[in-house]
Structures are given as C-alpha cells and as structure tokens.
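**Q** Before I ask anything, let me first share the structure, which is written out below as structure tokens.
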Amino acid sequence: MNSGTQLLCHTVVFLRVSLLIPTALSSSEKDRGIQSMSSQEELLSAGEISILVVFDNYPYLYKLQTSCGFSCVVRGAKQTILFDTGGSGNILIGNLWKLRIDPITIDLVFLSHDHYDHTGGLEALLAINPKIAVCLPQSFPQVFKSKVQALGAKVVEVDGPTEFGNGVFSTGELGTSIVEQSLVLRTDKGIILITGCAHPGIVSVIEKTKEHFDNDEVLLVMGGVHLRGVKISWIRSIIAQFKKLAVISLMTFFAFI
C-alpha cells in the first residue's frame, strides 16, 4: 500500500497521536441522529491516545500468551477502553497483568460482535472488575446480555451511531448476516477506526464512518479485515478504495487477514 496508505506491521504496539476531544455533539451530529451517552459540555485540550494490543495470535512480545482472537486497550480519552476480550479469560487477564495493566482500571468494554474469539475473555474480566459498562450491539442474544448483568456489569446496547463522550463513538450496528460495530476515536489528526473483524466489509465500514462524521480524514484503520483467501484482484480493488478514501495508515492482524 505504498503511495497512499501506509501498512503498519505488528512491531507497532503503541500508537500516540495528538488529540482534540469533543465531549458534546455538534449540531450536524445531532442532525445525523448520533445518540449521546454523555452530558459533558466542555472541549478538552490536545492530549494523547495510546492503543496497546493485549490479545492476538501473533507473538510480538515473548512474555505474552497468544491465541486466536483480538483485544486492545485504548487509553487517553479520560476513560480506559477494552476493545473486545479475545477468546480466553486466562490469556486476557494474564497478558493484562504482564503489560502492567490492572483490570480494575478498565472503565468500558466495547464488544464488536458476537463471536467467541472476541467475547470469550469477558467473564474473567467481570469476575475482577464487575462494576463497568459493557457496550455491545443491540442484536446480541438476550441470554448474553442477561449473563453480563448477572455478573454485575451495566449493559449499554447500541443500534445507531452513538457518542460515549471524550471523542469516543460507536459506528452503530453495521452489516446483516453478521452484525458488527466498530470503535471511532475522533482526533485533531483524523479518525482512528478500530474494527473487530469488519464482517460488513472494511470499505463499507470506512465509508459509513466518514458519512457519519463529516467525511473526516481517516488517520488509522486498525483491527481485523477478514480477507484470507480473497483473490488478489479484490485485494487490489480494496487498496484502490483505501487510497480513494484517503486512509493514511492501516494496521491489521495476521489472525484476521
């Protein structure tokens, strides 16, 4: 992806960018039906976002356990977010401690979709830190939601684009056969878009995100894209569309390519 989009390999563990964090909806966002979960009315000064992969099948740090699945910790937006939980509670919690991340410091769990390799670590996390919010697509099974509530957590159901305050948004539910939400971080350098698997199609997810957020520049697309076995002609088409959409960088994971 030269001459347009930069492909970042897994040696990049931390991402840090300057951040201007709006905590109130603009009038245009209200017009587009973006729901708000925050009543804050102030704008924060520029800060710093860090994203640390804590669960994956690619061994980028010798001390971490690996397995199929994905999870990352997002910090810097006045709350600590765990995006997905991987497929094993033991591995997730073990890796968090090895990376000196106390599970009790996590404020919000953001689940992209109802596949076990993205939700399997949740119960172990809630056993340590039950008083947190779990954001999930409204289409998740009721039995899953009830279990989360029984473990003490607050369930936040999302259908359309939703703001959680501090520049943090959900795309809302996307897709049909496999419904998925993605995490959006709005920064002064552009949008950071984190996907679980991008089952609705990575290009479609980016297009919908830009549509909801005033066609902001996309600084980074990070996560799974599910393109294994796809013909090279289709890959070239996706690369061309990434360039057309002005995506600056892509960081994807070998578990989901």
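Ordering of the structure tokens sets the chain letters (A, B, ...), residue numbers begin anew at 1 in every chain, and ligands are numbered from 1 in the order given.
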If we count only C-alpha atoms, what is near segment 142-147 of chain A at a cut-off of 12 Å, once residues fewer than 5 positions away on the same chain are taken out, given as a VMD selection string?
**A** chain A and resid 111 113 to 116 119 to 120 122 to 123 126 130 133 to 137 152 to 157
**Q** Write the residues of the preceding selection, restricted to C-alpha atoms, as a short mmCIF file (atom, residue, chain, number, x, y, z; two decimals), in the first residue's frame.
**A**
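Dumped everything to out28.cif:
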```cif
data_model
loop_
_atom_site.label_atom_id
_atom_site.label_comp_id
_atom_site.auth_asym_id
_atom_site.auth_seq_id
_atom_site.Cartn_x
_atom_site.Cartn_y
_atom_site.Cartn_z
CA LEU A 111 -17.61 -5.61 22.06
CA HIS A 113 -19.64 -8.62 17.52
CA ASP A 114 -20.96 -11.86 18.94
CA HIS A 115 -18.11 -14.26 18.14
CA TYR A 116 -16.39 -16.12 20.95
CA THR A 119 -16.06 -12.07 23.71
CA GLY A 120 -14.61 -15.14 25.43
CA LEU A 122 -15.33 -11.06 29.25
CA GLU A 123 -16.48 -13.29 32.12
CA LEU A 126 -16.01 -9.13 35.10
CA PRO A 130 -17.78 -6.19 37.60
CA ALA A 133 -20.11 -0.77 31.36
CA VAL A 134 -20.23 -3.27 28.51
CA CYS A 135 -21.14 -1.70 25.18
CA LEU A 136 -22.48 -4.18 22.65
CA PRO A 137 -24.68 -4.23 19.55
CA GLY A 152 -22.73 -7.02 37.90
CA ALA A 153 -21.90 -5.00 34.79
CA LYS A 154 -24.04 -2.39 33.09
CA VAL A 155 -25.12 -3.32 29.56
CA VAL A 156 -25.15 -0.48 27.03
CA GLU A 157 -26.96 -1.51 23.85
#
```
**Q** Excluding Trp234 of chain A and residues on its chain fewer than 6 positions from it, collect all residues at most 12 Å away from it, counting only C-alpha atoms, and give them as a VMD selection string.
**A** chain A and resid 201 203 227 to 228 240 to 241
**Q** Taking the DSSP secondary structure from the backbone, can you list the residues of segment 187-236 of chain A that are strand (DSSP E or B), as a ChimeraX atom specification?
**A** /A:187,190-195,218-223
**Q** Quick one: write out the picked residues with N, CA and C atoms as a JSON list (two decimals), in the first residue's frame?
**A**
```json
[["chain", "number", "residue", "atom", "x", "y", "z"],
["A", 187, "THR", "N", -9.91, 12.53, 16.50],
["A", 187, "THR", "CA", -8.75, 13.27, 16.94],
["A", 187, "THR", "C", -8.50, 14.45, 16.01],
["A", 190, "GLY", "N", -7.44, 13.33, 12.62],
["A", 190, "GLY", "CA", -8.34, 12.49, 11.85],
["A", 190, "GLY", "C", -8.92, 11.38, 12.70],
["A", 191, "ILE", "N", -9.71, 10.54, 12.06],
["A", 191, "ILE", "CA", -10.41, 9.45, 12.73],
["A", 191, "ILE", "C", -9.49, 8.25, 12.91],
["A", 192, "ILE", "N", -9.55, 7.63, 14.09],
["A", 192, "ILE", "CA", -8.98, 6.31, 14.31],
["A", 192, "ILE", "C", -10.15, 5.35, 14.36],
["A", 193, "LEU", "N", -10.14, 4.35, 13.48],
["A", 193, "LEU", "CA", -11.23, 3.39, 13.38],
["A", 193, "LEU", "C", -10.71, 2.01, 13.76],
["A", 194, "ILE", "N", -11.29, 1.40, 14.81],
["A", 194, "ILE", "CA", -10.86, 0.09, 15.26],
["A", 194, "ILE", "C", -11.97, -0.91, 14.97],
["A", 195, "THR", "N", -11.62, -1.96, 14.23],
["A", 195, "THR", "CA", -12.58, -2.98, 13.83],
["A", 195, "THR", "C", -12.26, -4.31, 14.51],
["A", 218, "VAL", "N", -9.26, 9.92, 7.64],
["A", 218, "VAL", "CA", -9.05, 8.71, 8.42],
["A", 218, "VAL", "C", -7.55, 8.54, 8.67],
["A", 219, "LEU", "N", -7.15, 8.77, 9.90],
["A", 219, "LEU", "CA", -5.74, 8.66, 10.27],
["A", 219, "LEU", "C", -5.29, 7.21, 10.30],
["A", 220, "LEU", "N", -6.13, 6.32, 10.86],
["A", 220, "LEU", "CA", -5.72, 4.93, 11.04],
["A", 220, "LEU", "C", -6.94, 4.02, 11.03],
["A", 221, "VAL", "N", -6.83, 2.92, 10.29],
["A", 221, "VAL", "CA", -7.77, 1.81, 10.39],
["A", 221, "VAL", "C", -7.00, 0.66, 11.03],
["A", 222, "MET", "N", -7.53, 0.11, 12.13],
["A", 222, "MET", "CA", -6.80, -0.88, 12.90],
["A", 222, "MET", "C", -7.72, -2.03, 13.28],
["A", 223, "GLY", "N", -7.26, -3.27, 13.11],
["A", 223, "GLY", "CA", -8.04, -4.42, 13.52],
["A", 223, "GLY", "C", -8.13, -5.47, 12.45]]
```
**Q** For Cys197 of chain A, work out the shell of residues within 9 Å, counting only C-alpha atoms and skipping chain neighbours fewer than 6 positions away, then give it as a list in words.
**A**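 The contact residues come out as Ser112, His113, Glu180, Gly223, Gly224, Val225, His226 and Phe256 of chain A.
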**Q** I need the chosen residues saved as a PDB file, in the first residue's frame, with N, CA and C atoms.
**A**
```
ATOM      1  N   SER A 112     -17.259  -5.798  19.683  1.00  0.00           N
ATOM      2  CA  SER A 112     -17.568  -5.514  18.283  1.00  0.00           C
ATOM      3  C   SER A 112     -18.683  -6.405  17.733  1.00  0.00           C
ATOM      4  N   HIS A 113     -18.623  -7.714  18.048  1.00  0.00           N
ATOM      5  CA  HIS A 113     -19.640  -8.619  17.524  1.00  0.00           C
ATOM      6  C   HIS A 113     -19.654  -9.911  18.327  1.00  0.00           C
ATOM      7  N   GLU A 180     -22.083  -6.016  13.293  1.00  0.00           N
ATOM      8  CA  GLU A 180     -20.858  -5.617  13.978  1.00  0.00           C
ATOM      9  C   GLU A 180     -20.842  -4.100  14.177  1.00  0.00           C
ATOM     10  N   GLY A 223      -7.258  -3.268  13.110  1.00  0.00           N
ATOM     11  CA  GLY A 223      -8.044  -4.415  13.522  1.00  0.00           C
ATOM     12  C   GLY A 223      -8.126  -5.471  12.446  1.00  0.00           C
ATOM     13  N   GLY A 224      -9.177  -6.283  12.501  1.00  0.00           N
ATOM     14  CA  GLY A 224      -9.347  -7.376  11.546  1.00  0.00           C
ATOM     15  C   GLY A 224     -10.089  -6.931  10.302  1.00  0.00           C
ATOM     16  N   VAL A 225      -9.742  -7.556   9.175  1.00  0.00           N
ATOM     17  CA  VAL A 225     -10.380  -7.209   7.901  1.00  0.00           C
ATOM     18  C   VAL A 225     -10.921  -8.428   7.155  1.00  0.00           C
ATOM     19  N   HIS A 226     -10.623  -9.634   7.630  1.00  0.00           N
ATOM     20  CA  HIS A 226     -11.152 -10.873   7.051  1.00  0.00           C
ATOM     21  C   HIS A 226     -11.025 -10.934   5.532  1.00  0.00           C
ATOM     22  N   PHE A 256      -6.512 -12.289  11.246  1.00  0.00           N
ATOM     23  CA  PHE A 256      -7.757 -11.966  10.562  1.00  0.00           C
ATOM     24  C   PHE A 256      -7.557 -11.578   9.104  1.00  0.00           C
TER      25      PHE A 256
END
```
**Q** Enter the distance from atom CA of Gly172 of chain A to atom CA of Val158 of chain A, in Å, rounded to one decimal.
**A**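 These two atoms are separated by 5.9 Å.
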**Q** Please provide as a list in words all residues within 9 Å of Thr80 of chain A, with the sequence filter that same-chain residues fewer than 5 positions apart are discarded (counting only C-alpha atoms).
**A** Val73, Val74, Arg75, Thr105, Ile106, Asp107, Leu108 and Val109 of chain A
**Q** Grab the residues selected above and save them as a PDB file, in the first residue's frame with C-alpha atoms.
**A**
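This is the output file out.pdb:
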```
ATOM      1  CA  VAL A  73      -6.639  -1.354  25.385  1.00  0.00           C
ATOM      2  CA  VAL A  74      -7.346   2.260  24.419  1.00  0.00           C
ATOM      3  CA  ARG A  75      -6.216   4.987  26.817  1.00  0.00           C
ATOM      4  CA  THR A 105      -8.722   0.361  35.788  1.00  0.00           C
ATOM      5  CA  ILE A 106     -10.827  -0.534  32.750  1.00  0.00           C
ATOM      6  CA  ASP A 107     -13.898   1.711  32.520  1.00  0.00           C
ATOM      7  CA  LEU A 108     -15.642   0.444  29.390  1.00  0.00           C
ATOM      8  CA  VAL A 109     -15.661  -2.822  27.461  1.00  0.00           C
TER       9      VAL A 109
END
```
**Q** Calculate how many Å separate atom CA of Cys72 of chain A from atom CA of Asp84 of chain A, rounding to one decimal.
**A** 7.0 Å
**Q** To one decimal place, how far is atom CA of Ser71 of chain A from atom CA of His118 of chain A in Å?
**A**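 Between atom CA of Ser71 of chain A and atom CA of His118 of chain A the gap is 7.1 Å.
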**Q** Give me the residues near segment 63-69 of chain A as JSON, numbers by chain, where near means some atom within 12 Å (using only C-alpha atoms) and where sequence neighbours in that chain fewer than 5 positions away do not count.
**A** {"A": [53, 54, 55, 56, 57, 58, 83, 84, 85, 86, 87, 88, 89, 90, 91, 92, 93, 94, 95, 96, 97, 98, 99, 100, 112, 113, 115, 116, 117, 118, 119, 120, 121, 196, 197, 223, 224, 253, 254, 255, 256]}
**Q** Can you write just those residues out, N, CA and C atoms, as a tab-separated table (two decimals), in the first residue's frame?
**A**
```tsv
chain	number	residue	atom	x	y	z
A	53	VAL	N	-2.17	-3.60	21.94
A	53	VAL	CA	-2.74	-4.91	21.66
A	53	VAL	C	-2.43	-5.84	22.83
A	54	VAL	N	-3.47	-6.46	23.40
A	54	VAL	CA	-3.28	-7.34	24.56
A	54	VAL	C	-3.67	-8.79	24.28
A	55	PHE	N	-4.29	-9.05	23.13
A	55	PHE	CA	-4.68	-10.41	22.78
A	55	PHE	C	-4.64	-10.55	21.27
A	56	ASP	N	-3.85	-11.52	20.80
A	56	ASP	CA	-3.72	-11.76	19.37
A	56	ASP	C	-3.01	-13.09	19.19
A	57	ASN	N	-2.95	-13.61	17.98
A	57	ASN	CA	-2.24	-14.86	17.77
A	57	ASN	C	-0.82	-14.66	17.24
A	58	TYR	N	-0.40	-13.41	17.15
A	58	TYR	CA	0.94	-13.13	16.63
A	58	TYR	C	1.86	-12.74	17.79
A	83	PHE	N	-11.24	-2.92	24.01
A	83	PHE	CA	-11.95	-3.26	22.77
A	83	PHE	C	-11.86	-4.77	22.56
A	84	ASP	N	-12.99	-5.45	22.63
A	84	ASP	CA	-13.08	-6.91	22.57
A	84	ASP	C	-12.26	-7.55	23.68
A	85	THR	N	-12.44	-8.85	23.87
A	85	THR	CA	-11.82	-9.50	25.02
A	85	THR	C	-11.07	-10.78	24.65
A	86	GLY	N	-10.86	-11.02	23.35
A	86	GLY	CA	-10.19	-12.24	22.95
A	86	GLY	C	-11.05	-13.46	23.24
A	87	GLY	N	-10.44	-14.65	23.10
A	87	GLY	CA	-11.21	-15.87	23.26
A	87	GLY	C	-10.95	-16.63	24.53
A	88	SER	N	-10.08	-16.11	25.40
A	88	SER	CA	-9.74	-16.81	26.63
A	88	SER	C	-9.55	-15.82	27.76
A	89	GLY	N	-10.28	-16.04	28.85
A	89	GLY	CA	-10.14	-15.17	30.01
A	89	GLY	C	-8.78	-15.28	30.66
A	90	ASN	N	-8.25	-16.49	30.75
A	90	ASN	CA	-6.94	-16.69	31.37
A	90	ASN	C	-5.85	-15.96	30.61
A	91	ILE	N	-5.90	-16.06	29.28
A	91	ILE	CA	-4.89	-15.38	28.47
A	91	ILE	C	-5.06	-13.87	28.56
A	92	LEU	N	-6.29	-13.39	28.46
A	92	LEU	CA	-6.54	-11.95	28.52
A	92	LEU	C	-6.03	-11.36	29.84
A	93	ILE	N	-6.45	-11.93	30.96
A	93	ILE	CA	-6.07	-11.38	32.26
A	93	ILE	C	-4.57	-11.52	32.47
A	94	GLY	N	-4.01	-12.65	32.07
A	94	GLY	CA	-2.57	-12.85	32.21
A	94	GLY	C	-1.78	-11.82	31.42
A	95	ASN	N	-2.20	-11.55	30.20
A	95	ASN	CA	-1.49	-10.57	29.38
A	95	ASN	C	-1.65	-9.15	29.92
A	96	LEU	N	-2.83	-8.83	30.44
A	96	LEU	CA	-3.03	-7.51	31.04
A	96	LEU	C	-2.04	-7.30	32.18
A	97	TRP	N	-1.93	-8.28	33.07
A	97	TRP	CA	-1.02	-8.13	34.20
A	97	TRP	C	0.43	-8.06	33.72
A	98	LYS	N	0.80	-8.87	32.72
A	98	LYS	CA	2.18	-8.84	32.21
A	98	LYS	C	2.52	-7.49	31.60
A	99	LEU	N	1.51	-6.81	31.07
A	99	LEU	CA	1.72	-5.48	30.49
A	99	LEU	C	1.47	-4.37	31.51
A	100	ARG	N	1.31	-4.77	32.78
A	100	ARG	CA	1.13	-3.84	33.89
A	100	ARG	C	-0.13	-3.00	33.73
A	112	SER	N	-17.26	-5.80	19.68
A	112	SER	CA	-17.57	-5.51	18.28
A	112	SER	C	-18.68	-6.40	17.73
A	113	HIS	N	-18.62	-7.71	18.05
A	113	HIS	CA	-19.64	-8.62	17.52
A	113	HIS	C	-19.65	-9.91	18.33
A	115	HIS	N	-18.92	-13.09	18.43
A	115	HIS	CA	-18.11	-14.26	18.14
A	115	HIS	C	-17.20	-14.51	19.33
A	116	TYR	N	-17.04	-15.79	19.69
A	116	TYR	CA	-16.39	-16.12	20.95
A	116	TYR	C	-14.94	-15.63	21.01
A	117	ASP	N	-14.25	-15.60	19.87
A	117	ASP	CA	-12.85	-15.15	19.91
A	117	ASP	C	-12.74	-13.64	20.15
A	118	HIS	N	-13.88	-12.96	20.28
A	118	HIS	CA	-13.90	-11.54	20.62
A	118	HIS	C	-14.61	-11.27	21.95
A	119	THR	N	-15.30	-12.26	22.46
A	119	THR	CA	-16.06	-12.07	23.71
A	119	THR	C	-15.67	-13.04	24.82
A	120	GLY	N	-14.86	-14.04	24.51
A	120	GLY	CA	-14.61	-15.14	25.43
A	120	GLY	C	-13.91	-14.76	26.73
A	121	GLY	N	-13.19	-13.63	26.73
A	121	GLY	CA	-12.49	-13.22	27.94
A	121	GLY	C	-13.30	-12.35	28.87
A	196	GLY	N	-13.31	-5.11	14.73
A	196	GLY	CA	-13.10	-6.45	15.27
A	196	GLY	C	-12.73	-7.42	14.17
A	197	CYS	N	-13.61	-7.56	13.19
A	197	CYS	CA	-13.36	-8.41	12.02
A	197	CYS	C	-13.77	-7.74	10.71
A	223	GLY	N	-7.26	-3.27	13.11
A	223	GLY	CA	-8.04	-4.42	13.52
A	223	GLY	C	-8.13	-5.47	12.45
A	224	GLY	N	-9.18	-6.28	12.50
A	224	GLY	CA	-9.35	-7.38	11.55
A	224	GLY	C	-10.09	-6.93	10.30
A	253	PHE	N	-4.09	-7.46	11.52
A	253	PHE	CA	-3.52	-8.54	12.32
A	253	PHE	C	-3.58	-9.84	11.56
A	254	PHE	N	-2.52	-10.62	11.64
A	254	PHE	CA	-2.39	-11.81	10.85
A	254	PHE	C	-3.48	-12.83	11.16
A	255	ALA	N	-4.07	-12.75	12.35
A	255	ALA	CA	-5.15	-13.68	12.69
A	255	ALA	C	-6.36	-13.49	11.81
A	256	PHE	N	-6.51	-12.29	11.25
A	256	PHE	CA	-7.76	-11.97	10.56
A	256	PHE	C	-7.56	-11.58	9.10
```
**Q** Considering only C-alpha atoms, return as a count of residues only whatever protein or nucleic-acid residues lie within 10 Å of Gly175 of chain A, sequence-local ones (same chain, fewer than 5 positions apart) excluded.
**A** 8
**Q** Ranking A:Phe110, A:Thr209, A:Val148, A:Lys244 by minimum distance to Ala127 of chain A and counting only C-alpha atoms, which one comes first?
**A**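 Using only C-alpha atoms, Ala127 of chain A sits closest to A:Val148.
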**Q** With only C-alpha atoms as the atoms that count, which of A:Glu211, A:Asp102, A:Glu217, A:Asp159 lies nearest to Lys243 of chain A?
**A**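 Going through A:Glu211, A:Asp102, A:Glu217, A:Asp159 one by one, the smallest distance to Lys243 of chain A is for A:Glu217.
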